[in-house]
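Everything below belongs to query.cif, which stores mmCIF, C-alpha atoms.
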```cif
data_run
#
loop_
_atom_site.label_atom_id
_atom_site.label_comp_id
_atom_site.auth_asym_id
_atom_site.auth_seq_id
_atom_site.Cartn_x
_atom_site.Cartn_y
_atom_site.Cartn_z
CA MET A 1 15.12 -99.27 -42.61
CA SER A 2 12.60 -96.79 -43.85
CA GLU A 3 8.97 -96.77 -42.83
CA ILE A 4 6.27 -96.88 -45.44
CA ASN A 5 2.95 -95.28 -44.60
CA THR A 6 0.10 -96.94 -46.37
CA ALA A 7 -3.22 -95.17 -46.46
CA LYS A 8 -6.16 -97.34 -45.55
CA LEU A 9 -8.37 -97.44 -48.62
CA THR A 10 -11.97 -97.79 -47.55
CA ARG A 11 -14.91 -98.66 -49.79
CA ARG A 12 -16.17 -95.11 -49.26
CA ALA A 13 -12.86 -93.58 -50.37
CA LEU A 14 -12.77 -95.84 -53.42
CA LEU A 15 -16.36 -94.94 -54.35
CA GLY A 16 -15.54 -91.26 -53.82
CA ALA A 17 -12.57 -91.46 -56.16
CA PHE A 18 -14.62 -93.38 -58.71
CA ALA A 19 -17.51 -90.94 -58.41
CA ALA A 20 -15.25 -87.93 -58.87
CA THR A 21 -14.24 -89.26 -62.26
CA THR A 22 -17.60 -90.60 -63.36
CA VAL A 23 -19.70 -87.56 -62.47
CA THR A 24 -17.99 -85.54 -65.17
CA ALA A 25 -18.50 -88.38 -67.63
CA ALA A 26 -22.14 -89.04 -66.68
CA PRO A 27 -24.58 -88.55 -69.55
CA VAL A 28 -26.92 -85.59 -69.68
CA TYR A 29 -30.50 -86.77 -69.43
CA SER A 30 -33.15 -85.26 -71.65
CA SER A 31 -35.97 -86.48 -69.43
CA ALA A 32 -36.42 -87.49 -65.83
CA PHE A 33 -38.42 -90.54 -66.95
CA GLY A 34 -35.30 -92.25 -68.27
CA PHE A 35 -33.33 -91.16 -65.25
CA LEU A 36 -35.83 -92.62 -62.80
CA ARG A 37 -35.98 -95.84 -64.81
CA GLY A 38 -32.29 -96.41 -64.11
CA ALA A 39 -30.66 -94.89 -67.19
CA GLY A 40 -27.14 -93.66 -66.62
CA ASP A 41 -24.39 -94.56 -64.20
CA VAL A 42 -24.58 -92.11 -61.30
CA ARG A 43 -27.18 -90.36 -59.16
CA ARG A 44 -26.09 -87.46 -57.02
CA LEU A 45 -27.68 -85.15 -54.46
CA LYS A 46 -26.32 -81.72 -53.55
CA MET A 47 -27.92 -79.76 -50.70
CA TYR A 48 -27.20 -77.40 -47.86
CA SER A 49 -29.17 -76.51 -44.77
CA GLY A 50 -29.42 -72.93 -43.63
CA ARG A 51 -30.75 -74.21 -40.28
CA THR A 52 -27.83 -76.47 -39.39
CA GLY A 53 -25.08 -75.04 -41.61
CA GLU A 54 -24.46 -78.51 -43.05
CA ASN A 55 -23.70 -79.35 -46.69
CA ILE A 56 -23.98 -82.60 -48.58
CA ASP A 57 -22.72 -83.52 -52.04
CA MET A 58 -23.39 -87.21 -52.26
CA ILE A 59 -23.21 -89.87 -54.93
CA TYR A 60 -25.88 -92.25 -53.64
CA TRP A 61 -26.44 -94.57 -56.61
CA ILE A 62 -23.94 -96.11 -59.03
CA GLU A 63 -24.60 -98.59 -61.82
CA GLY A 64 -28.07 -99.61 -60.58
CA GLU A 65 -27.13 -99.91 -56.90
CA TYR A 66 -27.96 -97.62 -54.00
CA ILE A 67 -24.99 -96.97 -51.73
CA LYS A 68 -26.15 -97.75 -48.19
CA GLU A 69 -23.60 -95.51 -46.48
CA SER A 70 -24.61 -92.58 -48.67
CA LEU A 71 -28.31 -93.10 -47.96
CA LYS A 72 -27.55 -93.13 -44.21
CA GLU A 73 -25.84 -89.76 -44.55
CA ILE A 74 -28.73 -88.37 -46.59
CA ASN A 75 -31.19 -89.63 -43.94
CA TYR A 76 -29.23 -87.83 -41.23
CA PHE A 77 -28.88 -84.67 -43.30
CA MET A 78 -32.64 -84.57 -43.98
CA ARG A 79 -33.50 -85.10 -40.30
CA ASP A 80 -35.94 -83.04 -38.26
CA TRP A 81 -33.41 -80.54 -36.92
CA ARG A 82 -35.88 -79.22 -34.31
CA GLN A 83 -36.12 -82.64 -32.63
CA ASN A 84 -32.77 -83.97 -33.90
CA SER A 85 -34.54 -87.10 -35.12
CA ALA A 86 -34.09 -88.89 -38.42
CA THR A 87 -35.94 -91.52 -40.39
CA LYS A 88 -35.25 -93.58 -43.48
CA MET A 89 -36.03 -91.26 -46.38
CA ASP A 90 -37.88 -92.88 -49.26
CA THR A 91 -35.43 -93.35 -52.13
CA ARG A 92 -38.19 -92.45 -54.59
CA THR A 93 -38.25 -88.92 -53.18
CA ILE A 94 -34.47 -88.71 -53.30
CA ASP A 95 -34.58 -89.86 -56.94
CA ILE A 96 -37.20 -87.23 -57.82
CA MET A 97 -35.08 -84.52 -56.20
CA SER A 98 -31.99 -85.68 -58.07
CA ALA A 99 -33.77 -86.01 -61.41
CA ALA A 100 -35.41 -82.58 -61.12
CA HIS A 101 -32.05 -81.02 -60.21
CA ASN A 102 -30.46 -82.66 -63.22
CA LEU A 103 -33.23 -81.42 -65.53
CA MET A 104 -32.57 -77.84 -64.41
CA LYS A 105 -28.92 -78.15 -65.45
CA THR A 106 -27.59 -76.29 -62.42
CA THR A 107 -24.61 -76.95 -60.19
CA GLU A 108 -26.12 -74.98 -57.32
CA PRO A 109 -27.08 -77.21 -54.39
CA TYR A 110 -30.65 -77.28 -53.16
CA MET A 111 -31.37 -75.43 -49.97
CA LEU A 112 -33.25 -77.94 -47.81
CA LEU A 113 -36.02 -76.23 -45.89
CA SER A 114 -37.74 -79.38 -44.63
CA GLY A 115 -37.16 -83.08 -45.09
CA TYR A 116 -38.29 -85.47 -42.39
CA ARG A 117 -40.63 -83.98 -39.78
CA SER A 118 -41.47 -85.68 -36.52
CA PRO A 119 -45.17 -85.71 -35.60
CA LYS A 120 -44.38 -83.15 -32.86
CA THR A 121 -42.75 -80.74 -35.33
CA ASN A 122 -45.51 -81.25 -37.89
CA ALA A 123 -48.17 -80.48 -35.27
CA MET A 124 -46.31 -77.31 -34.22
CA LEU A 125 -45.98 -76.12 -37.83
CA ARG A 126 -49.62 -76.99 -38.51
CA SER A 127 -50.72 -74.82 -35.57
CA ARG A 128 -48.87 -71.88 -37.16
CA SER A 129 -49.88 -72.38 -40.80
CA GLY A 130 -52.88 -73.64 -42.70
CA GLY A 131 -50.57 -74.99 -45.43
CA VAL A 132 -49.24 -77.92 -43.36
CA ALA A 133 -51.06 -81.22 -43.86
CA LYS A 134 -52.17 -83.17 -40.79
CA ASN A 135 -50.87 -86.42 -42.29
CA SER A 136 -47.94 -84.86 -44.11
CA LEU A 137 -45.69 -87.12 -46.18
CA HIS A 138 -42.79 -85.35 -44.43
CA MET A 139 -43.61 -87.50 -41.37
CA LYS A 140 -43.08 -90.65 -43.46
CA GLY A 141 -39.76 -89.50 -44.96
CA GLN A 142 -41.44 -89.13 -48.35
CA ALA A 143 -41.23 -85.36 -48.95
CA ALA A 144 -38.86 -82.41 -49.11
CA ASP A 145 -39.27 -78.65 -49.36
CA LEU A 146 -36.50 -77.13 -51.46
CA ARG A 147 -35.26 -73.83 -52.83
CA LEU A 148 -32.71 -72.74 -55.45
CA LYS A 149 -31.46 -69.17 -55.81
CA SER A 150 -30.71 -69.66 -59.50
CA ARG A 151 -34.14 -71.05 -60.45
CA SER A 152 -37.66 -69.75 -59.95
CA VAL A 153 -40.35 -71.68 -58.12
CA GLY A 154 -42.00 -72.18 -61.52
CA GLN A 155 -38.84 -73.65 -63.07
CA MET A 156 -38.31 -75.98 -60.12
CA ALA A 157 -41.95 -77.10 -60.12
CA ARG A 158 -41.91 -77.80 -63.87
CA ALA A 159 -38.74 -79.90 -63.51
CA ALA A 160 -40.22 -81.90 -60.62
CA ALA A 161 -43.55 -82.33 -62.43
CA ALA A 162 -41.69 -83.60 -65.52
CA CYS A 163 -40.68 -86.62 -63.44
CA SER A 164 -44.36 -87.69 -63.26
CA ALA A 165 -43.45 -89.52 -60.10
CA GLY A 166 -45.14 -87.73 -57.17
CA GLY A 167 -46.59 -84.56 -55.77
CA VAL A 168 -45.28 -81.10 -56.60
CA GLY A 169 -46.37 -78.07 -54.63
CA ARG A 170 -45.54 -74.50 -55.64
CA TYR A 171 -45.16 -72.03 -52.79
CA SER A 172 -44.24 -68.86 -54.66
CA ARG A 173 -44.83 -66.46 -51.77
CA SER A 174 -42.48 -68.48 -49.57
CA ASP A 175 -40.10 -69.23 -52.48
CA PHE A 176 -39.90 -73.01 -52.30
CA VAL A 177 -41.12 -76.19 -54.00
CA HIS A 178 -42.45 -79.28 -52.26
CA MET A 179 -41.51 -82.63 -53.86
CA ASP A 180 -42.83 -85.99 -52.69
CA CYS A 181 -43.22 -89.57 -53.90
CA GLY A 182 -46.95 -89.76 -53.20
CA THR A 183 -49.74 -89.64 -55.76
CA VAL A 184 -48.91 -87.67 -58.90
CA ARG A 185 -50.52 -84.25 -58.38
CA THR A 186 -49.68 -80.53 -58.43
CA TRP A 187 -50.91 -77.55 -56.44
CA GLY A 188 -50.11 -73.93 -55.66
CA ARG A 189 -48.89 -71.02 -57.74
#
```

Translate the structure of the given file into structure tokens.
Amino acid sequence: MSEINTAKLTRRALLGAFAATTVTAAPVYSSAFGFLRGAGDVRRLKMYSGRTGENIDMIYWIEGEYIKESLKEINYFMRDWRQNSATKMDTRTIDIMSAAHNLMKTTEPYMLLSGYRSPKTNAMLRSRSGGVAKNSLHMKGQAADLRLKSRSVGQMARAAAACSAGGVGRYSRSDFVHMDCGTVRTWGR
């Protein structure tokens, strides 16, 4: 008698296989407004962290549904690496990041400089820089500081601002853009 090895097909593996085929077929969006309103089939987030050496390329939304397992991985990836603590990231911020990335028509992953910050980390950074807010949205899981090698700070900021969905800060001297799901506003140069 011969043995037959059957691979255990998990929901995650099935979604991964589905996502691999649908990402290439996903429509190109002409505006982030439609994307954030739920147009299209797939939302994806690609990032790496120079601090931890980790990478993420995650389909987190398919056909109007957030994928809980994917969001958990994104939460962990965007953790405060200094304190090794994570929080539930606001999906509105994740959507803004994804929509802005899509508008820039790049395959390069974001470099995550800062996602969630614990109050302890925020206080430490605030003591070193005047540009860190006392009640930063980073501490609520509602903000991210991002960089792309292939796009300028201006290009990234314009893409994020086109979403009209939160705050966009330009930090040209430090070469990054802040994106959050707070009040719609812009600052910096």

**Report entry** Distance of atom CA of A:Gly130 from atom CA of A:Leu113, expressed in Å to one decimal place
**Finding:**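 Separation between atom CA of A:Leu113 and atom CA of A:Gly130: 17.4 Å.
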
**Report entry** Counting only C-alpha atoms, the residue of A:Lys72, A:Lys149, A:Arg44, A:His178 that sits nearest A:Leu137
**Finding:**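 Going through A:Lys72, A:Lys149, A:Arg44, A:His178 one by one, the smallest distance to A:Leu137 is for A:His178.
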
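Of note, atom CA of A:Tyr116 and atom CA of A:Asp41 are spaced 27.4 Å apart.
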
**Report entry** Sel. within 9 Å of pt (-40.0, -84.0, -40.1), counting all atoms listed in the file, output as an NGL selection string
**Finding:** :A and (78-83 or 85-87 or 114-122 or 136-141)

Requested in this report: Output the residue selection produced by the PyMOL selection byres ((chain A and resi 161) around 10) on the file above, formatted as a ChimeraX atom specification.
Outcome: /A:32,96,100,155-160,162-169,179,184-186

Query - Protein and nucleic acid residues near (-25.1, -84.0, -48.3) (cut-off 8 Å, only C-alpha atoms) as number ranges by chain - result: A: 45-48, 54-58, 73-74, 77

Report task. Mind checking which residues fall within 8 Å of A:Leu148, counting all atoms listed in the file, ignoring those fewer than 4 positions away in the same chain, and posting them as a PyMOL selection string? Result -> chain A and resi 108-111+152+156+176

Now that the selection is made, can you save its residues with C-alpha atoms as a PDB file, keeping the file's coordinate frame?
```pdb
ATOM      1  CA  GLU A 108     -26.120 -74.980 -57.320  1.00  0.00           C
ATOM      2  CA  PRO A 109     -27.080 -77.210 -54.390  1.00  0.00           C
ATOM      3  CA  TYR A 110     -30.650 -77.280 -53.160  1.00  0.00           C
ATOM      4  CA  MET A 111     -31.370 -75.430 -49.970  1.00  0.00           C
ATOM      5  CA  SER A 152     -37.660 -69.750 -59.950  1.00  0.00           C
ATOM      6  CA  MET A 156     -38.310 -75.980 -60.120  1.00  0.00           C
ATOM      7  CA  PHE A 176     -39.900 -73.010 -52.300  1.00  0.00           C
TER       8      PHE A 176
END
```

Query raised in the report: With all atoms listed in the file as the basis for distance, which of A:Asn84, A:Ser127, A:Val42, A:Ser98 is at the shortest distance from A:Gly64?
Result: A:Val42

Report task. Provide the atom CA of A:Arg151 to atom CA of A:Thr52 distance in Å, to one decimal place. Result ->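 Separation between atom CA of A:Arg151 and atom CA of A:Thr52: 22.6 Å.
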
Report task. Please provide the set of residues having any atom within 10 Å of A:Tyr171, restricted to all atoms listed in the file, with same-chain residues fewer than 5 positions apart removed, written as a count of residues only. Result -> 11

Tell me which residues the PyMOL selection byres ((chain A and resi 91) around 12) grabs here, as a PDB file with C-alpha atoms, in the coordinates of the input.
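part-v4.pdb was written with the following content:
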```
ATOM      1  CA  LEU A  36     -35.830 -92.620 -62.800  1.00  0.00           C
ATOM      2  CA  ARG A  43     -27.180 -90.360 -59.160  1.00  0.00           C
ATOM      3  CA  LEU A  45     -27.680 -85.150 -54.460  1.00  0.00           C
ATOM      4  CA  TYR A  60     -25.880 -92.250 -53.640  1.00  0.00           C
ATOM      5  CA  TRP A  61     -26.440 -94.570 -56.610  1.00  0.00           C
ATOM      6  CA  GLU A  65     -27.130 -99.910 -56.900  1.00  0.00           C
ATOM      7  CA  TYR A  66     -27.960 -97.620 -54.000  1.00  0.00           C
ATOM      8  CA  ILE A  67     -24.990 -96.970 -51.730  1.00  0.00           C
ATOM      9  CA  LYS A  68     -26.150 -97.750 -48.190  1.00  0.00           C
ATOM     10  CA  SER A  70     -24.610 -92.580 -48.670  1.00  0.00           C
ATOM     11  CA  LEU A  71     -28.310 -93.100 -47.960  1.00  0.00           C
ATOM     12  CA  LYS A  72     -27.550 -93.130 -44.210  1.00  0.00           C
ATOM     13  CA  ILE A  74     -28.730 -88.370 -46.590  1.00  0.00           C
ATOM     14  CA  ASN A  75     -31.190 -89.630 -43.940  1.00  0.00           C
ATOM     15  CA  THR A  87     -35.940 -91.520 -40.390  1.00  0.00           C
ATOM     16  CA  LYS A  88     -35.250 -93.580 -43.480  1.00  0.00           C
ATOM     17  CA  MET A  89     -36.030 -91.260 -46.380  1.00  0.00           C
ATOM     18  CA  ASP A  90     -37.880 -92.880 -49.260  1.00  0.00           C
ATOM     19  CA  ARG A  92     -38.190 -92.450 -54.590  1.00  0.00           C
ATOM     20  CA  THR A  93     -38.250 -88.920 -53.180  1.00  0.00           C
ATOM     21  CA  ILE A  94     -34.470 -88.710 -53.300  1.00  0.00           C
ATOM     22  CA  ASP A  95     -34.580 -89.860 -56.940  1.00  0.00           C
ATOM     23  CA  ILE A  96     -37.200 -87.230 -57.820  1.00  0.00           C
ATOM     24  CA  MET A  97     -35.080 -84.520 -56.200  1.00  0.00           C
ATOM     25  CA  SER A  98     -31.990 -85.680 -58.070  1.00  0.00           C
ATOM     26  CA  ALA A  99     -33.770 -86.010 -61.410  1.00  0.00           C
ATOM     27  CA  LYS A 140     -43.080 -90.650 -43.460  1.00  0.00           C
ATOM     28  CA  GLY A 141     -39.760 -89.500 -44.960  1.00  0.00           C
ATOM     29  CA  GLN A 142     -41.440 -89.130 -48.350  1.00  0.00           C
ATOM     30  CA  ALA A 143     -41.230 -85.360 -48.950  1.00  0.00           C
ATOM     31  CA  ALA A 144     -38.860 -82.410 -49.110  1.00  0.00           C
ATOM     32  CA  ALA A 165     -43.450 -89.520 -60.100  1.00  0.00           C
ATOM     33  CA  ASP A 180     -42.830 -85.990 -52.690  1.00  0.00           C
ATOM     34  CA  CYS A 181     -43.220 -89.570 -53.900  1.00  0.00           C
TER      35      CYS A 181
END
```
